[in-house]
>>> print(open('model_0.cif').read())   # mmCIF, C-alpha atoms and all ligand atoms
data_coords
#
loop_
_atom_site.label_atom_id
_atom_site.label_comp_id
_atom_site.auth_asym_id
_atom_site.auth_seq_id
_atom_site.Cartn_x
_atom_site.Cartn_y
_atom_site.Cartn_z
CA MET A 545 1.28 -9.20 13.39
CA LEU A 546 0.49 -10.02 9.77
CA ALA A 547 1.14 -13.63 8.73
CA ILE A 548 0.65 -14.69 5.12
CA ASP A 549 1.04 -18.42 4.55
CA ARG A 550 1.58 -19.83 1.05
CA ALA A 551 -0.84 -17.35 -0.55
CA THR A 552 -1.70 -17.84 -4.21
CA VAL A 553 -3.91 -15.66 -6.42
CA GLN A 554 -4.79 -16.74 -9.92
CA PHE A 555 -6.54 -14.68 -12.61
CA HIS A 556 -8.35 -16.35 -15.50
CA SER A 557 -8.81 -14.17 -18.55
CA PRO A 558 -11.28 -15.55 -21.10
CA GLY A 559 -9.37 -17.45 -23.80
CA GLY A 560 -5.98 -16.53 -22.31
CA PRO A 561 -3.67 -18.45 -20.00
CA ALA A 562 -4.22 -18.29 -16.23
CA VAL A 563 -1.95 -15.74 -14.54
CA ARG A 564 -0.54 -16.57 -11.11
CA ALA A 565 -0.26 -12.99 -9.88
CA VAL A 566 0.71 -14.14 -6.37
CA ASP A 567 2.56 -17.44 -6.33
CA GLY A 568 2.92 -19.14 -2.96
CA VAL A 569 3.94 -16.08 -0.95
CA SER A 570 4.70 -16.56 2.75
CA LEU A 571 5.49 -13.48 4.80
CA GLU A 572 5.44 -12.64 8.51
CA VAL A 573 5.43 -8.98 9.46
CA PRO A 574 5.79 -8.32 13.20
CA ALA A 575 3.67 -5.57 14.77
CA GLY A 576 5.22 -2.15 14.24
CA GLN A 577 7.36 -3.13 11.25
CA PHE A 578 7.40 -0.82 8.21
CA VAL A 579 7.90 -2.85 5.03
CA VAL A 580 8.65 -1.27 1.65
CA VAL A 581 7.54 -3.34 -1.36
CA ILE A 582 9.07 -2.93 -4.82
CA GLY A 583 8.91 -4.87 -8.09
CA THR A 584 8.55 -4.41 -11.82
CA ASN A 585 5.19 -3.58 -13.45
CA GLY A 586 2.80 -6.50 -13.25
CA SER A 587 4.89 -8.39 -10.69
CA GLY A 588 1.93 -8.80 -8.31
CA LYS A 589 2.42 -6.04 -5.71
CA SER A 590 -1.11 -4.62 -5.92
CA THR A 591 -2.60 -8.11 -6.07
CA LEU A 592 -0.74 -9.05 -2.88
CA LEU A 593 -2.03 -5.92 -1.11
CA GLY A 594 -5.51 -6.51 -2.54
CA SER A 595 -5.51 -10.07 -1.18
CA ILE A 596 -4.70 -8.71 2.29
CA ALA A 597 -7.41 -6.02 2.03
CA GLY A 598 -9.95 -8.54 0.70
CA THR A 599 -10.54 -7.07 -2.77
CA VAL A 600 -8.93 -10.18 -4.28
CA GLN A 601 -9.63 -13.74 -3.09
CA LEU A 602 -6.88 -16.29 -2.46
CA ALA A 603 -6.96 -19.50 -4.51
CA SER A 604 -5.01 -21.15 -1.67
CA GLY A 605 -3.14 -20.18 1.48
CA SER A 606 -4.17 -18.07 4.44
CA ILE A 607 -3.81 -14.62 5.97
CA ARG A 608 -3.82 -13.84 9.69
CA LEU A 609 -3.87 -10.33 11.12
CA ALA A 610 -3.75 -9.34 14.80
CA GLY A 611 -4.74 -12.83 15.93
CA HIS A 612 -7.63 -13.26 13.45
CA ASP A 613 -7.72 -15.60 10.47
CA ILE A 614 -9.09 -13.06 7.96
CA THR A 615 -8.74 -15.30 4.88
CA ARG A 616 -12.52 -15.55 4.39
CA TRP A 617 -13.46 -12.16 5.82
CA SER A 618 -15.22 -9.65 3.56
CA GLN A 619 -13.41 -6.51 2.46
CA HIS A 620 -15.81 -4.55 4.69
CA ALA A 621 -14.96 -6.63 7.79
CA ARG A 622 -11.22 -6.28 7.13
CA ALA A 623 -11.57 -2.50 6.82
CA ARG A 624 -12.02 -2.37 10.61
CA LEU A 625 -8.42 -3.56 10.97
CA ILE A 626 -6.82 -2.13 7.83
CA GLY A 627 -6.24 1.45 6.64
CA ARG A 628 -5.52 2.03 2.94
CA VAL A 629 -4.29 4.85 0.73
CA PHE A 630 -4.33 4.55 -3.06
CA GLN A 631 -2.49 6.14 -5.96
CA ASP A 632 -5.38 8.43 -6.95
CA PRO A 633 -5.70 11.33 -4.46
CA ARG A 634 -9.46 11.39 -5.20
CA ALA A 635 -9.96 7.75 -4.23
CA GLY A 636 -9.99 8.04 -0.44
CA THR A 637 -11.98 11.23 0.14
CA ALA A 638 -15.23 12.95 -0.93
CA GLY A 639 -14.27 16.06 -2.93
CA SER A 640 -17.37 18.09 -2.12
CA LEU A 641 -17.06 17.62 1.65
CA THR A 642 -14.74 19.79 3.72
CA VAL A 643 -11.52 18.45 5.20
CA LEU A 644 -13.17 18.27 8.64
CA GLU A 645 -16.26 16.46 7.28
CA ASN A 646 -14.05 13.91 5.55
CA ILE A 647 -12.12 13.37 8.77
CA ALA A 648 -15.43 13.05 10.65
CA VAL A 649 -16.48 10.23 8.30
CA ALA A 650 -13.23 8.40 9.09
CA ALA A 651 -13.56 9.11 12.83
CA CYS A 652 -17.16 7.81 12.91
CA ARG A 653 -16.45 4.64 10.97
CA GLY A 654 -17.53 1.63 13.00
CA ARG A 655 -18.42 3.95 15.88
CA MET A 656 -21.84 4.79 17.27
CA ALA A 657 -21.39 8.57 17.07
CA GLY A 658 -23.46 10.29 14.39
CA LEU A 659 -22.02 12.63 11.79
CA GLY A 660 -23.20 15.57 13.94
CA TRP A 661 -19.99 14.97 15.80
CA ALA A 662 -18.31 16.49 12.75
CA THR A 663 -19.04 19.95 14.07
CA SER A 664 -18.20 19.15 17.66
CA ARG A 665 -15.39 21.12 19.25
CA GLY A 666 -13.60 17.95 20.34
CA LEU A 667 -13.25 16.52 16.86
CA ARG A 668 -12.28 19.88 15.35
CA ASP A 669 -9.52 20.36 17.91
CA GLU A 670 -8.27 16.80 17.53
CA ALA A 671 -8.28 17.04 13.70
CA ALA A 672 -6.46 20.39 13.81
CA ALA A 673 -3.84 19.01 16.20
CA ARG A 674 -3.21 15.90 14.12
CA LEU A 675 -2.92 17.83 10.83
CA ALA A 676 -0.63 20.45 12.39
CA ARG A 677 1.67 17.74 13.74
CA ILE A 678 2.12 16.30 10.25
CA VAL A 679 2.15 19.49 8.12
CA PRO A 680 2.14 22.75 10.10
CA GLY A 681 -0.43 25.11 8.55
CA LEU A 682 -2.69 22.40 7.13
CA GLU A 683 -5.01 22.78 10.12
CA SER A 684 -6.13 26.18 8.77
CA ARG A 685 -7.80 24.35 5.82
CA LEU A 686 -10.30 22.34 7.92
CA ASP A 687 -13.37 24.12 6.52
CA GLN A 688 -12.37 24.07 2.86
CA PRO A 689 -13.74 21.49 0.42
CA ILE A 690 -11.10 18.81 0.10
CA GLY A 691 -11.57 18.98 -3.69
CA SER A 692 -9.94 22.43 -3.63
CA MET A 693 -6.68 21.11 -2.19
CA SER A 694 -3.62 19.93 -4.10
CA GLY A 695 -3.12 16.20 -4.69
CA GLY A 696 -0.34 16.10 -2.11
CA GLN A 697 -2.37 17.85 0.59
CA ARG A 698 -5.28 15.55 -0.18
CA GLN A 699 -3.10 12.46 0.22
CA ILE A 700 -1.88 13.74 3.58
CA VAL A 701 -5.48 14.20 4.80
CA THR A 702 -6.25 10.70 3.46
CA LEU A 703 -3.30 9.34 5.46
CA VAL A 704 -4.53 11.05 8.62
CA MET A 705 -7.99 9.53 8.00
CA ALA A 706 -6.62 6.04 7.27
CA THR A 707 -4.64 6.06 10.51
CA TRP A 708 -7.24 7.87 12.66
CA HIS A 709 -8.13 4.77 14.71
CA ARG A 710 -4.63 3.28 14.60
CA PRO A 711 -5.26 0.37 12.21
CA GLU A 712 -3.59 -3.00 12.79
CA LEU A 713 -2.16 -2.60 9.30
CA LEU A 714 -1.65 0.30 6.89
CA LEU A 715 -1.50 -0.49 3.16
CA LEU A 716 -0.05 2.17 0.84
CA ASP A 717 -0.11 1.27 -2.86
CA GLU A 718 2.01 3.78 -4.82
CA HIS A 719 0.22 6.56 -3.01
CA THR A 720 2.72 9.17 -4.26
CA ALA A 721 2.88 8.04 -7.92
CA ALA A 722 0.39 10.66 -9.19
CA LEU A 723 2.24 13.57 -7.52
CA ASP A 724 5.09 15.83 -8.65
CA PRO A 725 8.44 15.00 -7.00
CA ALA A 726 8.27 17.73 -4.33
CA ALA A 727 4.73 16.79 -3.29
CA ALA A 728 5.62 13.07 -3.42
CA ASP A 729 8.49 13.76 -1.05
CA ARG A 730 6.25 15.63 1.41
CA VAL A 731 3.66 12.82 1.35
CA VAL A 732 6.33 10.17 1.90
CA GLN A 733 7.74 12.11 4.86
CA ALA A 734 4.21 12.50 6.26
CA SER A 735 3.62 8.74 5.83
CA ASN A 736 6.85 7.95 7.61
CA SER A 737 5.98 10.32 10.50
CA LEU A 738 2.50 8.81 10.94
CA ILE A 739 3.80 5.23 10.77
CA ARG A 740 6.46 5.97 13.38
CA GLU A 741 4.25 8.16 15.60
CA HIS A 742 1.58 5.45 15.89
CA ALA A 743 4.10 2.54 15.67
CA LEU A 744 2.04 1.14 12.78
CA THR A 745 2.58 -2.10 10.92
CA ALA A 746 2.73 -0.96 7.29
CA LEU A 747 3.29 -2.20 3.74
CA MET A 748 4.19 0.54 1.27
CA VAL A 749 4.49 -0.15 -2.47
CA THR A 750 6.71 2.29 -4.36
CA HIS A 751 8.44 2.59 -7.73
CA SER A 752 11.00 4.96 -6.24
CA LEU A 753 14.22 3.07 -5.52
CA ALA A 754 15.46 6.08 -3.52
CA GLN A 755 12.41 5.82 -1.24
CA ALA A 756 12.83 2.05 -1.03
CA ALA A 757 16.46 2.38 0.04
CA SER A 758 15.96 5.16 2.58
CA LEU A 759 12.63 4.23 4.22
CA GLY A 760 11.27 1.38 6.29
CA ASP A 761 12.67 -1.43 8.42
CA ARG A 762 12.49 -4.05 5.71
CA LEU A 763 12.46 -4.27 1.93
CA ILE A 764 10.69 -6.88 -0.17
CA LEU A 765 11.20 -7.24 -3.90
CA ILE A 766 8.39 -9.09 -5.71
CA HIS A 767 9.01 -10.68 -9.07
CA ARG A 768 6.55 -12.79 -11.02
CA GLY A 769 4.34 -13.16 -7.95
CA ARG A 770 7.14 -14.34 -5.66
CA ILE A 771 9.35 -12.72 -3.04
CA GLU A 772 12.71 -12.43 -4.78
CA LEU A 773 14.51 -10.43 -2.09
CA ASP A 774 13.71 -9.85 1.59
CA VAL A 775 16.14 -7.75 3.64
CA GLN A 776 15.93 -6.12 7.04
CA GLY A 777 18.18 -4.98 9.90
CA PRO A 778 21.73 -3.89 9.07
CA ALA A 779 21.50 -5.31 5.52
CA LYS A 780 18.48 -3.07 4.86
CA ARG A 781 20.23 -0.03 6.32
CA ARG A 782 23.26 -0.62 4.05
CA LEU A 783 21.13 -0.99 0.91
CA THR A 784 21.42 1.82 -1.66
CA ALA A 785 19.21 2.82 -4.59
CA ASP A 786 22.07 1.71 -6.90
CA ASP A 787 22.07 -1.80 -5.36
CA LEU A 788 18.36 -2.02 -6.08
CA ALA A 789 18.76 -0.72 -9.64
CA ASP A 790 21.40 -3.46 -10.23
CA ARG A 791 19.03 -6.06 -8.88
CA PHE A 792 16.28 -4.86 -11.24
CA ASP A 793 18.69 -4.96 -14.21
CA ARG A 794 19.63 -8.55 -13.42
CA LEU A 795 15.99 -9.57 -13.15
CA ARG A 796 15.18 -7.86 -16.47
CA ARG A 797 18.12 -9.59 -18.19
CA ALA A 798 17.03 -12.97 -16.78
CA ASP A 799 13.49 -12.28 -18.05
CA GLN A 800 14.83 -11.43 -21.53
CA LEU A 801 16.81 -14.69 -21.54
CA ASP A 802 13.66 -16.55 -20.45
CA ASP A 803 11.67 -14.86 -23.22
CA ALA A 804 14.39 -15.64 -25.80
CA ALA A 805 14.47 -19.29 -24.64
CA ALA A 806 10.68 -19.47 -24.85
CA ARG A 807 10.76 -18.03 -28.42
CA THR A 808 13.45 -20.52 -29.43
CA LEU A 809 11.41 -23.40 -28.02
CA ALA A 810 8.29 -22.11 -29.75
CA ASP A 811 10.23 -21.90 -33.06
CA LEU A 812 11.48 -25.48 -32.62
CA TYR A 813 7.99 -26.82 -32.17
CA VAL A 814 6.13 -25.00 -34.96
N1 LIG A 901 -8.37 -8.22 -12.15
C1 LIG A 901 -7.45 -8.82 -12.88
N2 LIG A 901 -7.79 -9.70 -13.85
C2 LIG A 901 -6.85 -10.33 -14.60
N3 LIG A 901 -5.52 -10.17 -14.43
C3 LIG A 901 -5.11 -9.31 -13.47
C4 LIG A 901 -6.05 -8.58 -12.66
N4 LIG A 901 -5.35 -7.80 -11.81
C5 LIG A 901 -4.05 -8.01 -12.07
N5 LIG A 901 -3.91 -8.91 -13.07
C6 LIG A 901 -2.63 -9.42 -13.60
O1 LIG A 901 -1.88 -9.90 -12.48
C7 LIG A 901 -0.51 -9.55 -12.60
C8 LIG A 901 -0.08 -8.73 -11.42
O2 LIG A 901 -0.71 -7.47 -11.47
P1 LIG A 901 -0.55 -6.36 -10.32
O3 LIG A 901 -1.47 -5.26 -10.64
O4 LIG A 901 -0.68 -7.01 -9.00
O5 LIG A 901 0.98 -5.91 -10.54
P2 LIG A 901 1.78 -4.71 -9.87
O6 LIG A 901 3.05 -5.29 -9.38
O7 LIG A 901 0.93 -3.99 -8.88
O8 LIG A 901 2.10 -3.79 -11.13
P3 LIG A 901 2.26 -2.18 -11.25
O9 LIG A 901 3.65 -1.87 -10.81
O10 LIG A 901 2.05 -1.91 -12.70
O11 LIG A 901 1.22 -1.54 -10.38
C9 LIG A 901 -0.37 -8.85 -13.96
O12 LIG A 901 -0.01 -9.79 -14.91
C10 LIG A 901 -1.77 -8.32 -14.19
O13 LIG A 901 -2.02 -8.18 -15.58
MG MG A 902 0.23 -2.03 -8.74
#
>>> encode(input="model_0.cif", output="structure tokens")
Amino acid sequence: MLAIDRATVQFHSPGGPAVRAVDGVSLEVPAGQFVVVIGTNGSGKSTLLGSIAGTVQLASGSIRLAGHDITRWSQHARARLIGRVFQDPRAGTAGSLTVLENIAVAACRGRMAGLGWATSRGLRDEAAARLARIVPGLESRLDQPIGSMSGGQRQIVTLVMATWHRPELLLLDEHTAALDPAAADRVVQASNSLIREHALTALMVTHSLAQAASLGDRLILIHRGRIELDVQGPAKRRLTADDLADRFDRLRRADQLDDAAARTLADLYV
């Protein structure tokens, strides 16, 4: 289980106002739950995921994962429990290594086995089986440099690597945003299959309202660093992309009113 308790992240830009990118967020995600996270640009989604992964420090609050209080753990220590896939298909893999060598790096992480295991029959067979289960045919690419594959294929290998040791938590931050729609769809389906196959606890950030409506057990909408909407169960299953688009429109209109009110106040006090 992931338990975030009153987490706050604040950024201080020199000369500018402090930005509360995450503003008192509390969230409990039971083991095996697949949570889709949406929100407008700059609403704090990546900062929230970064604070769980340890790339961003909390100003206050705490984070527990699988029975550990990881609030003060380094990013490196958290990586033993957390798998991540980023937007850039080049971010999670080494382009000059083959698919199998990349997988070997993931398989050896935190393990005593040397990289020589990369050429072992056991790993090759296991890697081929796992790739074939997700995208039939991909197993024939094991000996090709991963840099020669398409962005979508590369993201699928990255997903297989990130879930190799069944992490306590999988974090996906717009991992299909750099892909064309057909490839994005294949990667999303692959993500869903892996999450369900391994019964993973997962947080997936997406800008696609269609994906947000159709995937996952729970949907969270972040706005200005806070959880604005949190639905699961039958309410989540009933949710459509149109409902979400309406919700976004209302938030945008409220923001415009806020901005207009702020300008009026500023005018009054000049
Ligand atoms: N390292 C940083 N230093 C200063 N401000 C930051 C930093 N990272 C993020 N911010 C600010 O924090 C807020 C939240 O940013 P964040 O990247 O978490 O949003 P997001 O919801 O992931 O947006 P997007 O949909 O564009 O990816 C924004 O106002 C952003 O400018
Ligand atoms: Mg982001």
>>> atom_distance(input="model_0.cif", atom1="atom CA of Met545 of chain A", atom2="atom CA of Leu625 of chain A")
11.5 Å
>>> residues_near_ligand(input="model_0.cif", ligand="ligand MG 902 (chain A)", cutoff="10 Å", atoms="all atoms listed in the file", output="list in words")
Ile582, Gly583, Thr584, Asn585, Gly586, Ser587, Gly588, Lys589, Ser590, Thr591, Leu592, Leu593, Gly594, Phe630, Gln631, Asp717, Glu718, Val749, Thr750 and His751 of chain A
>>> atom_distance(input="model_0.cif", atom1="atom CA of Gly696 of chain A", atom2="atom O9 of ligand LIG 901 (chain A)")
20.4 Å
>>> closest_residue(input="model_0.cif", among="A:Ile678, A:Arg628, A:Leu747, A:Ala673", to="Thr707 of chain A", atoms="all atoms listed in the file")
A:Arg628
>>> atom_distance(input="model_0.cif", atom1="atom CA of Arg674 of chain A", atom2="atom CA of Arg634 of chain A")
20.8 Å
>>> residues_around(input="model_0.cif", residues="Gly760 of chain A", least_positions_apart="4", cutoff="8 Å", atoms="only C-alpha atoms", output="list in words")
Gln577, Phe578, Val579, Val580 and Ala756 of chain A
>>> axis_aligned_box(input="model_0.cif", around="ligand LIG 901 (chain A)", padding_each_side="8 Å", output="lines of an AutoDock Vina configuration file")
center_x = -2.4
center_y = -5.9
center_z = -12.2
size_x = 28.0
size_y = 24.8
size_z = 22.7
>>> closest_residue(input="model_0.cif", among="A:Phe792, A:Phe555, A:Trp708, A:Trp617", to="ligand LIG 901 (chain A)", atoms="only C-alpha atoms and all ligand atoms")
A:Phe555
>>> residues_around(input="model_0.cif", residues="Ala547 of chain A", least_positions_apart="4", cutoff="8 Å", atoms="all atoms listed in the file", output="PyMOL selection string")
chain A and resi 570-573+607-609
>>> write_last_selection(input="model_0.cif", atoms="C-alpha atoms", output="PDB file, in the frame of the given file")
ATOM      1  CA  SER A 570       4.700 -16.560   2.750  1.00  0.00           C
ATOM      2  CA  LEU A 571       5.490 -13.480   4.800  1.00  0.00           C
ATOM      3  CA  GLU A 572       5.440 -12.640   8.510  1.00  0.00           C
ATOM      4  CA  VAL A 573       5.430  -8.980   9.460  1.00  0.00           C
ATOM      5  CA  ILE A 607      -3.810 -14.620   5.970  1.00  0.00           C
ATOM      6  CA  ARG A 608      -3.820 -13.840   9.690  1.00  0.00           C
ATOM      7  CA  LEU A 609      -3.870 -10.330  11.120  1.00  0.00           C
TER       8      LEU A 609
END
>>> closest_residue(input="model_0.cif", among="A:Thr642, A:Gln688, A:Thr784, A:Ser752", to="ligand LIG 901 (chain A)", atoms="only C-alpha atoms and all ligand atoms")
A:Ser752
>>> decode(input="model_0.cif", residues="segment 595-681 of chain A", atoms="C-alpha atoms", output="CSV table (one decimal), in the first residue's frame")
chain,number,residue,atom,x,y,z
A,595,SER,CA,8.0,13.3,-4.4
A,596,ILE,CA,7.0,9.6,-4.2
A,597,ALA,CA,10.1,8.6,-6.3
A,598,GLY,CA,12.4,10.8,-4.2
A,599,THR,CA,13.5,13.3,-6.9
A,600,VAL,CA,11.6,16.0,-5.1
A,601,GLN,CA,11.7,16.5,-1.3
A,602,LEU,CA,8.6,17.1,0.8
A,603,ALA,CA,8.4,20.4,2.8
A,604,SER,CA,6.0,18.6,5.1
A,605,GLY,CA,4.0,15.4,5.3
A,606,SER,CA,5.0,11.8,4.9
A,607,ILE,CA,5.0,8.9,2.4
A,608,ARG,CA,4.7,5.2,3.4
A,609,LEU,CA,5.1,2.4,0.9
A,610,ALA,CA,4.8,-1.3,1.6
A,611,GLY,CA,5.2,-0.8,5.3
A,612,HIS,CA,8.2,1.5,5.1
A,613,ASP,CA,8.3,5.2,5.9
A,614,ILE,CA,10.2,6.3,2.8
A,615,THR,CA,9.8,10.1,3.4
A,616,ARG,CA,13.6,10.5,4.0
A,617,TRP,CA,14.8,7.7,1.8
A,618,SER,CA,17.1,8.6,-1.1
A,619,GLN,CA,15.9,8.2,-4.7
A,620,HIS,CA,18.3,5.3,-5.0
A,621,ALA,CA,16.9,3.5,-2.0
A,622,ARG,CA,13.3,4.0,-3.2
A,623,ALA,CA,14.2,2.6,-6.7
A,624,ARG,CA,14.3,-0.9,-5.0
A,625,LEU,CA,10.6,-0.6,-4.4
A,626,ILE,CA,9.5,1.7,-7.3
A,627,GLY,CA,9.5,1.2,-11.1
A,628,ARG,CA,9.2,4.2,-13.3
A,629,VAL,CA,8.6,5.0,-17.0
A,630,PHE,CA,9.0,8.5,-18.4
A,631,GLN,CA,7.7,10.5,-21.3
A,632,ASP,CA,10.9,10.3,-23.3
A,633,PRO,CA,11.4,6.7,-24.8
A,634,ARG,CA,15.2,7.3,-24.5
A,635,ALA,CA,15.1,8.0,-20.8
A,636,GLY,CA,14.8,4.5,-19.4
A,637,THR,CA,17.2,2.5,-21.6
A,638,ALA,CA,20.7,2.6,-23.1
A,639,GLY,CA,20.4,3.1,-26.9
A,640,SER,CA,23.6,1.4,-27.8
A,641,LEU,CA,22.9,-1.8,-25.8
A,642,THR,CA,20.7,-4.6,-27.2
A,643,VAL,CA,17.2,-5.2,-25.9
A,644,LEU,CA,18.5,-8.3,-24.0
A,645,GLU,CA,21.4,-6.3,-22.5
A,646,ASN,CA,19.0,-3.6,-21.3
A,647,ILE,CA,16.8,-6.2,-19.8
A,648,ALA,CA,19.8,-7.8,-18.1
A,649,VAL,CA,20.7,-4.5,-16.5
A,650,ALA,CA,17.1,-4.3,-15.1
A,651,ALA,CA,17.2,-8.0,-14.0
A,652,CYS,CA,20.6,-7.6,-12.2
A,653,ARG,CA,19.6,-4.4,-10.4
A,654,GLY,CA,20.1,-4.9,-6.7
A,655,ARG,CA,21.0,-8.5,-7.3
A,656,MET,CA,24.3,-10.2,-6.9
A,657,ALA,CA,24.4,-11.7,-10.4
A,658,GLY,CA,27.0,-10.1,-12.7
A,659,LEU,CA,26.1,-8.8,-16.2
A,660,GLY,CA,27.5,-12.1,-17.7
A,661,TRP,CA,24.1,-13.4,-16.9
A,662,ALA,CA,22.9,-11.3,-19.8
A,663,THR,CA,24.0,-14.0,-22.2
A,664,SER,CA,22.7,-16.9,-20.0
A,665,ARG,CA,20.0,-19.1,-21.6
A,666,GLY,CA,17.7,-18.6,-18.6
A,667,LEU,CA,17.5,-14.8,-18.9
A,668,ARG,CA,17.2,-15.0,-22.7
A,669,ASP,CA,14.3,-17.4,-22.4
A,670,GLU,CA,12.6,-15.4,-19.7
A,671,ALA,CA,13.0,-12.1,-21.5
A,672,ALA,CA,11.7,-13.7,-24.8
A,673,ALA,CA,8.7,-15.1,-22.9
A,674,ARG,CA,7.8,-11.9,-21.2
A,675,LEU,CA,8.1,-9.8,-24.4
A,676,ALA,CA,6.1,-12.3,-26.4
A,677,ARG,CA,3.3,-12.2,-23.8
A,678,ILE,CA,3.0,-8.4,-24.1
A,679,VAL,CA,3.6,-7.9,-27.8
A,680,PRO,CA,3.9,-11.2,-29.9
A,681,GLY,CA,6.9,-10.9,-32.2
